[in-house]
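Below is one structure, written out as structure tokens; the observations come after it.
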Amino acid sequence: MNTFQTHSSHWGAFSGRYEDGKLEIRPHPADANPSPLLGNLAAVADSPVRIRRPAVRRGWLEGAHGNARKRGADDYVEVSWPQALDLVANELRRVYADFGPRAVFGGSYGWSSAGRFHHAQSQIHRFLNVLGGYVRSVNTYSSGAAMVVIPHVLGPYDHFDRKSVSWNAIERSSELVVAFGGMAIKNTDVHGGGISAHIVPRTLNGARARGARFVLVSPLKDDFPAELDAQWLPVVPGTDVALMLGLAHVLVSEGLHDRGFLDRYTVGYEYFEAYLLGRSDGVAKSPEWASGICGIAADVIRTLARTMACARTLITISHSLQRADYGEQPVWMGIVLAAMLGQIGLDGGGYSYSLGALGNIGKSQLAVPLPTLSQFKNPVPDFIPVARIADMLLQPGDMYHYNGQALHYPDIRLVYWAGGNPFHHHQDLNRLRAAFKRPETIIVHEAAWTSSARHADIVLPATTTLERDDIGAADRDPLMIAMKKLIEPVGEARDDYEIFSGIARRLGTFEEFTENRTSREWLALLFETTRKALAAGGHHAPDFETFWEKGELRLPLKADDGGPARAFRDDPVRSPLQTPSGKIEIFSQTIESFGYDDCRGHPQWYPARTEAGADQDHPFHLICNQPHSRLHSQLDYGDFSRSTKIKGREPVRINPADAAERGIADGDIVRLFNSRGSCLAAAVMSEDVRSGVLQLATGAWFEPDDPAADRAMCIHGNPNILTRDIGTSQLAQASTGQLTRVQIERFDGEPPPVRIFEEIKFSDDHTGASAQASADLPVLDGSSRVAPRRKAELCERRNEIK
């Protein structure tokens with residue numbers, strides 16, 4: 001391919017060409033601040049960790065007794081596509097027939113592609129729904145607590161605050177932005193579905209030039225752009241709610257709160273005030289009380305509260321705060337603090353959850369719908385909060401509480417995963433490893449040999465975004481991209497639609513799943529959703545072929561009118577919130593009625609749950625935040641991601657004073673450990689990290705020192721070997737993976753080499769007979785790498801999708 005072709009990714013639109021064995025990437029010309037994460041893409045074409053052929057775990061293939069115990073430590077046998085698809089179809093047929101759809105868990109996390117059709121989450125859920133349904137997960141690891149509490153307090157998640165505070169409003173009107181958890185620019189590099197222009201640096205700098213002030217509440221100084229000269233309040237990790245209560249106490253005690261706003265737009269404030277002033281529990285949440293918990297001086301708290309009351313103030317709450325013990329509380333308390341200031345609905349003021357967490361949040365909304373593939377309806381009622389997967393697999397039948405419901409974990413026999421890496425997202429990886437040894441079968445679609453693939457029984461090689469045509473589009477981004485294939489599929493990789501189509505043909509559901517359409521026909525059909533809306537609105541509405549030839553289409557945007565918050569402020573009777581009262585629920589009678597002792601009817605301070613002796617044995621707070629060198633764990637093998645590692649390992653930042661006390665120097669290999677496990681990392685000195693705090697980003701591919709051991713050490717630097725697998729509370733049961741407690745020490749001696757990015761070696765002994773395979777399957781003969789079988793496979797592929 002000699003010409004550049006348009007394409008899109010979660011970290012930006014771009015054009016690319018593949019020539020002479022090299023992939024060249026150019027950011028979109030309209031993007032003034034392109035993401036450096038585009039530098040990871042080139043490795044897709046030739047990395048040794050790409051999965052090139054279907055593979056089956058030997059123990060599962062041979063049907064050995066107790067074979068699941070070897071998941072993660074077993075070797076793999078490469079098989080042909082016909083054999084692999086037969087194995088999958090036969091196993092699905094068996095499990096659905098013997099146990100029903102409630103024994104199947106369909107896992108996916110939706111970040112595998114920016115495309116609207118080749119979206120693994122949509123494809124797998126559509127496929128499993130055609131078969132009769134599956135056990136699903138709800139909410140996300142990123143925002144699980146907020147997604148449950150916000151609907152009780154403000155109404156539907158992603159409706160009120162995410163559609164009410166824009167970057168343009170901040171640039172033109174905000175006088176003071178108080179960012180709890182910060183707004184790290186690295187997080188705005190990405191957005192699900194694509195991002196054509198990274199505007200956050202421009203708008204924040206514009207606000208600063210106008211005279212806006214910024215306050216950063218975080219243990220990490222670089223959680224805000226340095227050029228904004230923000231006031232840094234290096235709070236003790238996990239104590240933001242105590243600080244907010246101290247600020248609220250000042251507002252009330254000095255008469256600075258807006259009683260008129262509270263009376264007209266909220267319910268239940270009197271219950272909260274009784275708690276705040278200590279009338280209900282005997283403890284006044286004064287600045288002195290707050291200071292003893294959060295580490296910020298009482299005078300600083302008083303001064304900030306007074307400044308907030310006298311300026312157009314925006315309060316933001318990051319994803320990170322609610323990914324910890326009682327994560328519902330900072331989200332809710334931030335809303336209450338903004339309500340007390342009375343500025344919700346004002347231009348550039350009020351409250352916003354997760355502003356700065358993703359690149360498109362805070363942009364104008366699209367005026368037309370985007371192409372969306374129907375997943376059909378799942379008839380199975382069973383579900384789990386997404387972060388409770390290990391509990392489900394380890395504790396089938398056990399009862400748990402979630403959002404007012406008493407539920408039971410289903411008994412899962414088969415896990416089918418496409419488009420995600422749970423060994424990145426989940427906590428307490430040694431516990432997850434044990435959980436992954438419980439199902440009878442695990443099937444994974446993967447492009448690379450991640451830890452999730454290495455813990456599967458059947459591994460089907462999936463193409464990456466660069467190896468297929470698609471339509472790239474994202475909410476709040478005006479550019480729709482014709483994502484044209486840049487490289488041919490690596491090895492024998494197939495896209496998810498083709499894989500599921502082949503299985504569906506074997507199971508007799510081909511026509512229902514595919515509707516007899518090719519991928520290209522689906523793209524044209526899905527495009528019609530947006531084209532018809534454009535035409536109906538009097539906008540430019542080209543046909544699909546015209547769009548495809550041009551490469552992109554600019555979509556119309558809605559006016560920046562302050563959104564639902566402005567409408568509610570202007571007329572709370574005609575534009576009520578979708579809450580039981582129609583108002584902001586400072587006190588939620590619904591939540592109170594659940595009777596949870598870890599989440600009551602109004603926000604309050606809960607000290608973090610710690611293990612016995614944690615302060616002495618594990619004195620450091622470890623912050624496990626998002627990396628700046630990749631999206632989650634995606635393309636950790638890419639050039640940009642690997643360039644940020646030290647001696648092949650993930651860097652852990654430590655305050656120089658803490659390092660000196662332990663004899664740790666810059667670049668030393670260190671061991672982090674607690675009661676759950678340990679990992680190796682490379683020490684980096686940084687004054688931007690609060691004393692008593694360590695920072696180790698998530699996303700380094702998990703590599704155990706001993707894959708066969710029940711308790712392994714990660715030699716690459718994955719912090720989730722250390723984090724706790726407990727829910728935020730009974731309300732949301734969300735991830736608490738942002739924070740944990742650890743000890744750190746210099747690692748003496750020669751550390752084990754990191755080999756997670758090396759090519760997997762397959763044995764030539766493929767003679768094991770498959771107990772799961774049908775009787776007429778050929779015996780494996782070791783020829784899976786050999787070309788003669790290729791002709792028959794190509795003939796089959798032509799017949800799969802016409």
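Chain labels run A, B, ... following the order of the structure tokens; each chain numbers its residues from 1, and ligands are numbered from 1 in the order shown.
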
Which residues of range 418-464 of chain A come within 10 Å of range 716-731 of chain A, and for each one, what is the closest pair of atoms and their distance in Å to one decimal, counting only C-alpha atoms, sorted by chain and residue number, as JSON lines?
```
{"residue": "A:Phe423", "atom": "CA", "partner": "A:Asn720", "partner_atom": "CA", "distance": 8.3}
{"residue": "A:His424", "atom": "CA", "partner": "A:Asn720", "partner_atom": "CA", "distance": 7.5}
{"residue": "A:His425", "atom": "CA", "partner": "A:Asn720", "partner_atom": "CA", "distance": 8.0}
{"residue": "A:His426", "atom": "CA", "partner": "A:Asn720", "partner_atom": "CA", "distance": 6.9}
{"residue": "A:Gln427", "atom": "CA", "partner": "A:Asn720", "partner_atom": "CA", "distance": 4.9}
{"residue": "A:Asp428", "atom": "CA", "partner": "A:Ile721", "partner_atom": "CA", "distance": 5.0}
{"residue": "A:Leu429", "atom": "CA", "partner": "A:Ile721", "partner_atom": "CA", "distance": 4.8}
{"residue": "A:Asn430", "atom": "CA", "partner": "A:Ile721", "partner_atom": "CA", "distance": 6.5}
{"residue": "A:Arg431", "atom": "CA", "partner": "A:Asp725", "partner_atom": "CA", "distance": 8.1}
{"residue": "A:Leu432", "atom": "CA", "partner": "A:Asp725", "partner_atom": "CA", "distance": 8.9}
```

Output all heavy atoms of each residue in that selection to a file, as an mmCIF file, in the first residue's frame.
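Result saved to part.cif:
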```
data_model
loop_
_atom_site.group_PDB
_atom_site.id
_atom_site.type_symbol
_atom_site.label_atom_id
_atom_site.label_comp_id
_atom_site.auth_asym_id
_atom_site.auth_seq_id
_atom_site.Cartn_x
_atom_site.Cartn_y
_atom_site.Cartn_z
ATOM 1 N N PHE A 423 -6.967 -9.842 33.380
ATOM 2 C CA PHE A 423 -5.733 -9.858 34.168
ATOM 3 C C PHE A 423 -5.056 -8.486 34.161
ATOM 4 O O PHE A 423 -3.996 -8.318 34.763
ATOM 5 C CB PHE A 423 -4.789 -10.951 33.668
ATOM 6 C CG PHE A 423 -5.155 -12.304 34.199
ATOM 7 C CD1 PHE A 423 -6.163 -13.048 33.620
ATOM 8 C CD2 PHE A 423 -4.517 -12.818 35.305
ATOM 9 C CE1 PHE A 423 -6.522 -14.281 34.119
ATOM 10 C CE2 PHE A 423 -4.865 -14.055 35.820
ATOM 11 C CZ PHE A 423 -5.875 -14.788 35.231
ATOM 12 N N HIS A 424 -5.666 -7.531 33.494
ATOM 13 C CA HIS A 424 -5.294 -6.138 33.699
ATOM 14 C C HIS A 424 -6.251 -5.459 34.664
ATOM 15 O O HIS A 424 -5.847 -4.810 35.619
ATOM 16 C CB HIS A 424 -5.298 -5.352 32.385
ATOM 17 C CG HIS A 424 -5.469 -3.875 32.592
ATOM 18 N ND1 HIS A 424 -4.483 -3.099 33.166
ATOM 19 C CD2 HIS A 424 -6.523 -3.055 32.368
ATOM 20 C CE1 HIS A 424 -4.921 -1.842 33.266
ATOM 21 N NE2 HIS A 424 -6.157 -1.800 32.797
ATOM 22 N N HIS A 425 -7.559 -5.593 34.409
ATOM 23 C CA HIS A 425 -8.536 -4.804 35.141
ATOM 24 C C HIS A 425 -8.768 -5.277 36.568
ATOM 25 O O HIS A 425 -9.080 -4.459 37.441
ATOM 26 C CB HIS A 425 -9.882 -4.829 34.399
ATOM 27 C CG HIS A 425 -9.923 -3.945 33.204
ATOM 28 N ND1 HIS A 425 -9.857 -4.433 31.911
ATOM 29 C CD2 HIS A 425 -10.006 -2.607 33.084
ATOM 30 C CE1 HIS A 425 -9.900 -3.421 31.064
ATOM 31 N NE2 HIS A 425 -9.992 -2.312 31.743
ATOM 32 N N HIS A 426 -8.647 -6.577 36.798
ATOM 33 C CA HIS A 426 -9.089 -7.100 38.089
ATOM 34 C C HIS A 426 -8.012 -6.994 39.163
ATOM 35 O O HIS A 426 -6.826 -6.840 38.860
ATOM 36 C CB HIS A 426 -9.549 -8.559 37.939
ATOM 37 C CG HIS A 426 -10.481 -8.970 39.034
ATOM 38 N ND1 HIS A 426 -11.751 -8.457 39.159
ATOM 39 C CD2 HIS A 426 -10.316 -9.831 40.073
ATOM 40 C CE1 HIS A 426 -12.326 -8.991 40.213
ATOM 41 N NE2 HIS A 426 -11.474 -9.817 40.789
ATOM 42 N N GLN A 427 -8.478 -7.106 40.405
ATOM 43 C CA GLN A 427 -7.582 -6.971 41.559
ATOM 44 C C GLN A 427 -7.203 -8.342 42.127
ATOM 45 O O GLN A 427 -7.833 -9.356 41.841
ATOM 46 C CB GLN A 427 -8.269 -6.136 42.651
ATOM 47 C CG GLN A 427 -8.290 -4.651 42.363
ATOM 48 C CD GLN A 427 -9.107 -4.287 41.158
ATOM 49 O OE1 GLN A 427 -10.315 -4.533 41.103
ATOM 50 N NE2 GLN A 427 -8.464 -3.707 40.161
ATOM 51 N N ASP A 428 -6.168 -8.350 42.986
ATOM 52 C CA ASP A 428 -5.691 -9.543 43.677
ATOM 53 C C ASP A 428 -5.523 -10.686 42.679
ATOM 54 O O ASP A 428 -6.264 -11.682 42.686
ATOM 55 C CB ASP A 428 -6.667 -9.939 44.796
ATOM 56 C CG ASP A 428 -6.050 -10.949 45.770
ATOM 57 O OD1 ASP A 428 -4.971 -11.498 45.468
ATOM 58 O OD2 ASP A 428 -6.658 -11.205 46.825
ATOM 59 N N LEU A 429 -4.522 -10.563 41.836
ATOM 60 C CA LEU A 429 -4.374 -11.478 40.708
ATOM 61 C C LEU A 429 -4.133 -12.929 41.130
ATOM 62 O O LEU A 429 -4.499 -13.854 40.393
ATOM 63 C CB LEU A 429 -3.244 -11.000 39.790
ATOM 64 C CG LEU A 429 -3.533 -9.703 39.034
ATOM 65 C CD1 LEU A 429 -2.378 -9.358 38.102
ATOM 66 C CD2 LEU A 429 -4.829 -9.800 38.249
ATOM 67 N N ASN A 430 -3.534 -13.154 42.280
ATOM 68 C CA ASN A 430 -3.396 -14.536 42.719
ATOM 69 C C ASN A 430 -4.765 -15.149 43.004
ATOM 70 O O ASN A 430 -5.007 -16.329 42.724
ATOM 71 C CB ASN A 430 -2.506 -14.630 43.963
ATOM 72 C CG ASN A 430 -1.030 -14.613 43.604
ATOM 73 O OD1 ASN A 430 -0.604 -15.228 42.628
ATOM 74 N ND2 ASN A 430 -0.236 -13.891 44.388
ATOM 75 N N ARG A 431 -5.673 -14.337 43.519
ATOM 76 C CA ARG A 431 -7.042 -14.823 43.735
ATOM 77 C C ARG A 431 -7.753 -15.027 42.401
ATOM 78 O O ARG A 431 -8.498 -15.996 42.228
ATOM 79 C CB ARG A 431 -7.803 -13.825 44.607
ATOM 80 C CG ARG A 431 -9.207 -14.283 44.996
ATOM 81 C CD ARG A 431 -9.797 -13.356 46.060
ATOM 82 N NE ARG A 431 -11.052 -13.894 46.567
ATOM 83 C CZ ARG A 431 -12.256 -13.516 46.152
ATOM 84 N NH1 ARG A 431 -12.353 -12.578 45.219
ATOM 85 N NH2 ARG A 431 -13.352 -14.034 46.660
ATOM 86 N N LEU A 432 -7.529 -14.122 41.452
ATOM 87 C CA LEU A 432 -8.141 -14.279 40.132
ATOM 88 C C LEU A 432 -7.612 -15.525 39.437
ATOM 89 O O LEU A 432 -8.367 -16.233 38.752
ATOM 90 C CB LEU A 432 -7.864 -13.039 39.277
ATOM 91 C CG LEU A 432 -8.514 -13.044 37.890
ATOM 92 C CD1 LEU A 432 -10.035 -12.991 37.989
ATOM 93 C CD2 LEU A 432 -8.007 -11.881 37.038
#
```

Task: alpha helix (DSSP H) residues, from DSSP on the backbone, in range 315-497 of chain A, as number ranges by chain - done: A: 328-341, 389-394, 422-425, 429-435, 451-454, 496-497

Residues as selected, N, CA, C and O atoms, written as a short mmCIF file (atom, residue, chain, number, x, y, z; two decimals), in the first residue's frame, can you do that?
```
data_model
loop_
_atom_site.label_atom_id
_atom_site.label_comp_id
_atom_site.auth_asym_id
_atom_site.auth_seq_id
_atom_site.Cartn_x
_atom_site.Cartn_y
_atom_site.Cartn_z
N GLU A 328 -18.38 5.43 46.70
CA GLU A 328 -19.60 6.19 46.44
C GLU A 328 -19.56 7.55 47.14
O GLU A 328 -20.15 8.53 46.67
N GLN A 329 -18.84 7.62 48.27
CA GLN A 329 -18.91 8.81 49.12
C GLN A 329 -18.30 10.07 48.50
O GLN A 329 -18.91 11.14 48.56
N PRO A 330 -17.10 10.04 47.91
CA PRO A 330 -16.58 11.29 47.33
C PRO A 330 -17.42 11.80 46.17
O PRO A 330 -17.53 13.02 45.97
N VAL A 331 -18.00 10.90 45.38
CA VAL A 331 -18.86 11.33 44.27
C VAL A 331 -20.06 12.08 44.82
O VAL A 331 -20.41 13.18 44.36
N TRP A 332 -20.70 11.52 45.82
CA TRP A 332 -21.90 12.10 46.43
C TRP A 332 -21.55 13.37 47.20
O TRP A 332 -22.25 14.40 47.08
N MET A 333 -20.47 13.34 47.96
CA MET A 333 -20.09 14.50 48.76
C MET A 333 -19.69 15.68 47.88
O MET A 333 -19.95 16.84 48.21
N GLY A 334 -19.08 15.41 46.73
CA GLY A 334 -18.77 16.50 45.80
C GLY A 334 -20.03 17.19 45.31
O GLY A 334 -20.06 18.43 45.15
N ILE A 335 -21.08 16.41 45.06
CA ILE A 335 -22.37 16.99 44.64
C ILE A 335 -22.92 17.87 45.75
O ILE A 335 -23.40 19.00 45.50
N VAL A 336 -22.87 17.38 46.99
CA VAL A 336 -23.40 18.14 48.12
C VAL A 336 -22.63 19.44 48.30
O VAL A 336 -23.22 20.51 48.52
N LEU A 337 -21.31 19.39 48.20
CA LEU A 337 -20.49 20.59 48.36
C LEU A 337 -20.83 21.62 47.28
O LEU A 337 -20.95 22.82 47.56
N ALA A 338 -21.00 21.17 46.05
CA ALA A 338 -21.38 22.09 44.97
C ALA A 338 -22.76 22.67 45.20
O ALA A 338 -23.01 23.86 44.91
N ALA A 339 -23.69 21.85 45.71
CA ALA A 339 -25.04 22.35 46.00
C ALA A 339 -25.00 23.41 47.10
O ALA A 339 -25.74 24.40 47.06
N MET A 340 -24.15 23.22 48.10
CA MET A 340 -24.04 24.20 49.18
C MET A 340 -23.51 25.53 48.67
O MET A 340 -23.87 26.59 49.20
N LEU A 341 -22.68 25.48 47.62
CA LEU A 341 -22.20 26.72 47.01
C LEU A 341 -23.26 27.37 46.14
O LEU A 341 -23.14 28.55 45.76
N ILE A 389 -16.15 -10.72 39.47
CA ILE A 389 -16.01 -11.96 38.70
C ILE A 389 -15.32 -13.06 39.49
O ILE A 389 -15.73 -14.24 39.44
N ALA A 390 -14.29 -12.75 40.26
CA ALA A 390 -13.62 -13.79 41.04
C ALA A 390 -14.55 -14.35 42.10
O ALA A 390 -14.58 -15.56 42.35
N ASP A 391 -15.33 -13.47 42.75
CA ASP A 391 -16.32 -13.94 43.71
C ASP A 391 -17.29 -14.92 43.06
O ASP A 391 -17.64 -15.96 43.63
N MET A 392 -17.75 -14.58 41.86
CA MET A 392 -18.71 -15.43 41.16
C MET A 392 -18.13 -16.82 40.89
O MET A 392 -18.79 -17.84 41.13
N LEU A 393 -16.90 -16.86 40.39
CA LEU A 393 -16.31 -18.14 40.03
C LEU A 393 -15.93 -18.96 41.26
O LEU A 393 -16.00 -20.20 41.24
N LEU A 394 -15.52 -18.30 42.34
CA LEU A 394 -15.07 -19.01 43.54
C LEU A 394 -16.21 -19.37 44.48
O LEU A 394 -16.08 -20.30 45.29
N PRO A 422 -9.03 -9.35 31.60
CA PRO A 422 -9.31 -9.26 33.03
C PRO A 422 -8.07 -9.30 33.90
O PRO A 422 -8.09 -8.81 35.03
N PHE A 423 -6.97 -9.84 33.38
CA PHE A 423 -5.73 -9.86 34.17
C PHE A 423 -5.06 -8.49 34.16
O PHE A 423 -4.00 -8.32 34.76
N HIS A 424 -5.67 -7.53 33.49
CA HIS A 424 -5.29 -6.14 33.70
C HIS A 424 -6.25 -5.46 34.66
O HIS A 424 -5.85 -4.81 35.62
N HIS A 425 -7.56 -5.59 34.41
CA HIS A 425 -8.54 -4.80 35.14
C HIS A 425 -8.77 -5.28 36.57
O HIS A 425 -9.08 -4.46 37.44
N LEU A 429 -4.52 -10.56 41.84
CA LEU A 429 -4.37 -11.48 40.71
C LEU A 429 -4.13 -12.93 41.13
O LEU A 429 -4.50 -13.85 40.39
N ASN A 430 -3.53 -13.15 42.28
CA ASN A 430 -3.40 -14.54 42.72
C ASN A 430 -4.77 -15.15 43.00
O ASN A 430 -5.01 -16.33 42.72
N ARG A 431 -5.67 -14.34 43.52
CA ARG A 431 -7.04 -14.82 43.74
C ARG A 431 -7.75 -15.03 42.40
O ARG A 431 -8.50 -16.00 42.23
N LEU A 432 -7.53 -14.12 41.45
CA LEU A 432 -8.14 -14.28 40.13
C LEU A 432 -7.61 -15.52 39.44
O LEU A 432 -8.37 -16.23 38.75
N ARG A 433 -6.32 -15.80 39.60
CA ARG A 433 -5.76 -17.02 39.01
C ARG A 433 -6.46 -18.25 39.56
O ARG A 433 -6.77 -19.20 38.82
N ALA A 434 -6.72 -18.25 40.85
CA ALA A 434 -7.45 -19.38 41.45
C ALA A 434 -8.87 -19.45 40.90
O ALA A 434 -9.38 -20.55 40.61
N ALA A 435 -9.50 -18.30 40.72
CA ALA A 435 -10.87 -18.28 40.19
C ALA A 435 -10.92 -18.81 38.77
O ALA A 435 -11.87 -19.50 38.38
N SER A 451 -2.01 -12.26 29.48
CA SER A 451 -2.22 -13.24 30.55
C SER A 451 -3.59 -13.89 30.44
O SER A 451 -3.76 -15.05 30.81
N SER A 452 -4.57 -13.15 29.96
CA SER A 452 -5.90 -13.74 29.79
C SER A 452 -5.85 -14.86 28.77
O SER A 452 -6.47 -15.92 28.96
N ALA A 453 -5.14 -14.66 27.67
CA ALA A 453 -4.99 -15.72 26.68
C ALA A 453 -4.24 -16.91 27.28
O ALA A 453 -4.57 -18.07 27.00
N ARG A 454 -3.25 -16.64 28.10
CA ARG A 454 -2.44 -17.71 28.69
C ARG A 454 -3.17 -18.48 29.79
O ARG A 454 -2.66 -19.46 30.31
N ASP A 496 -13.62 -10.81 14.75
CA ASP A 496 -14.58 -11.47 15.63
C ASP A 496 -15.85 -11.87 14.88
O ASP A 496 -16.42 -12.94 15.15
N TYR A 497 -16.29 -11.04 13.95
CA TYR A 497 -17.51 -11.36 13.21
C TYR A 497 -17.32 -12.63 12.40
O TYR A 497 -18.20 -13.51 12.37
#
```

Open item on the list: Given only C-alpha atoms as the basis, pick out the residue of A:His319, A:Arg554, A:Lys70, A:Arg259 nearest to Ser354 in chain A.
Closed with: A:His319

Open item on the list: For Arg413 in chain A, find every residue with an atom within 8 Å (counting only C-alpha atoms), except residues of its own chain fewer than 2 positions away, and show them as an MDAnalysis selection string.
Closed with: chainID A and resid 95 103:104 411 415 439:441

Task: Contacts of Glu650 in chain A within 9 Å, only C-alpha atoms, excl. fewer than 3 positions in-chain, as an NGL selection string - done: :A and (642 or 644-647 or 680-683 or 696-697 or 700 or 716-718)

Can you spit out the residues from that selection as a PDB file, in the first residue's frame, using N, CA, C and O atoms?
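File again_14.pdb, as written:
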```pdb
ATOM      1  N   ARG A 642       7.061   0.490  25.792  1.00  0.00           N
ATOM      2  CA  ARG A 642       8.303  -0.152  26.237  1.00  0.00           C
ATOM      3  C   ARG A 642       9.422   0.858  26.480  1.00  0.00           C
ATOM      4  O   ARG A 642      10.324   0.615  27.293  1.00  0.00           O
ATOM      5  N   THR A 644       9.181   3.527  28.079  1.00  0.00           N
ATOM      6  CA  THR A 644       9.032   4.130  29.404  1.00  0.00           C
ATOM      7  C   THR A 644       9.437   3.175  30.520  1.00  0.00           C
ATOM      8  O   THR A 644       9.481   3.569  31.678  1.00  0.00           O
ATOM      9  N   LYS A 645       9.726   1.922  30.193  1.00  0.00           N
ATOM     10  CA  LYS A 645      10.131   0.950  31.203  1.00  0.00           C
ATOM     11  C   LYS A 645      11.617   1.121  31.526  1.00  0.00           C
ATOM     12  O   LYS A 645      12.379   1.684  30.736  1.00  0.00           O
ATOM     13  N   ILE A 646      12.013   0.633  32.660  1.00  0.00           N
ATOM     14  CA  ILE A 646      13.400   0.723  33.119  1.00  0.00           C
ATOM     15  C   ILE A 646      13.901  -0.692  33.358  1.00  0.00           C
ATOM     16  O   ILE A 646      13.315  -1.437  34.158  1.00  0.00           O
ATOM     17  N   LYS A 647      14.937  -1.048  32.613  1.00  0.00           N
ATOM     18  CA  LYS A 647      15.456  -2.417  32.686  1.00  0.00           C
ATOM     19  C   LYS A 647      14.340  -3.430  32.428  1.00  0.00           C
ATOM     20  O   LYS A 647      14.295  -4.501  33.026  1.00  0.00           O
ATOM     21  N   LEU A 680       7.960  -6.880  41.231  1.00  0.00           N
ATOM     22  CA  LEU A 680       9.187  -6.126  41.029  1.00  0.00           C
ATOM     23  C   LEU A 680       8.903  -4.920  40.148  1.00  0.00           C
ATOM     24  O   LEU A 680       8.047  -4.967  39.267  1.00  0.00           O
ATOM     25  N   ALA A 681       9.621  -3.840  40.395  1.00  0.00           N
ATOM     26  CA  ALA A 681       9.496  -2.628  39.588  1.00  0.00           C
ATOM     27  C   ALA A 681      10.820  -1.884  39.674  1.00  0.00           C
ATOM     28  O   ALA A 681      11.730  -2.288  40.406  1.00  0.00           O
ATOM     29  N   ALA A 682      10.926  -0.801  38.911  1.00  0.00           N
ATOM     30  CA  ALA A 682      12.147   0.010  38.916  1.00  0.00           C
ATOM     31  C   ALA A 682      11.865   1.349  39.577  1.00  0.00           C
ATOM     32  O   ALA A 682      10.916   2.046  39.203  1.00  0.00           O
ATOM     33  N   ALA A 683      12.663   1.723  40.553  1.00  0.00           N
ATOM     34  CA  ALA A 683      12.416   2.926  41.342  1.00  0.00           C
ATOM     35  C   ALA A 683      12.757   4.191  40.562  1.00  0.00           C
ATOM     36  O   ALA A 683      13.791   4.262  39.884  1.00  0.00           O
ATOM     37  N   LEU A 696       2.478   3.379  41.081  1.00  0.00           N
ATOM     38  CA  LEU A 696       2.814   2.350  40.099  1.00  0.00           C
ATOM     39  C   LEU A 696       1.610   2.193  39.181  1.00  0.00           C
ATOM     40  O   LEU A 696       0.547   1.748  39.614  1.00  0.00           O
ATOM     41  N   ALA A 697       1.763   2.574  37.921  1.00  0.00           N
ATOM     42  CA  ALA A 697       0.639   2.555  36.985  1.00  0.00           C
ATOM     43  C   ALA A 697       0.196   1.124  36.694  1.00  0.00           C
ATOM     44  O   ALA A 697       0.982   0.176  36.758  1.00  0.00           O
ATOM     45  N   ALA A 700       0.988  -3.067  33.088  1.00  0.00           N
ATOM     46  CA  ALA A 700       2.104  -3.943  32.728  1.00  0.00           C
ATOM     47  C   ALA A 700       1.577  -5.373  32.668  1.00  0.00           C
ATOM     48  O   ALA A 700       0.939  -5.845  33.605  1.00  0.00           O
ATOM     49  N   HIS A 716       7.183  -8.237  36.315  1.00  0.00           N
ATOM     50  CA  HIS A 716       7.115  -7.162  35.335  1.00  0.00           C
ATOM     51  C   HIS A 716       6.646  -5.840  35.942  1.00  0.00           C
ATOM     52  O   HIS A 716       7.006  -4.771  35.464  1.00  0.00           O
ATOM     53  N   GLY A 717       5.821  -5.922  37.008  1.00  0.00           N
ATOM     54  CA  GLY A 717       5.381  -4.705  37.669  1.00  0.00           C
ATOM     55  C   GLY A 717       3.900  -4.432  37.576  1.00  0.00           C
ATOM     56  O   GLY A 717       3.484  -3.273  37.492  1.00  0.00           O
ATOM     57  N   ASN A 718       3.066  -5.479  37.621  1.00  0.00           N
ATOM     58  CA  ASN A 718       1.615  -5.283  37.608  1.00  0.00           C
ATOM     59  C   ASN A 718       1.133  -5.076  39.042  1.00  0.00           C
ATOM     60  O   ASN A 718       1.208  -5.991  39.858  1.00  0.00           O
TER      61      ASN A 718
END
```

Task: All residues 9 Å or closer to Gly16 in chain A, only C-alpha atoms, same chain fewer than 5 positions away omitted, as a ChimeraX atom specification - done: /A:3-7,23-27,486
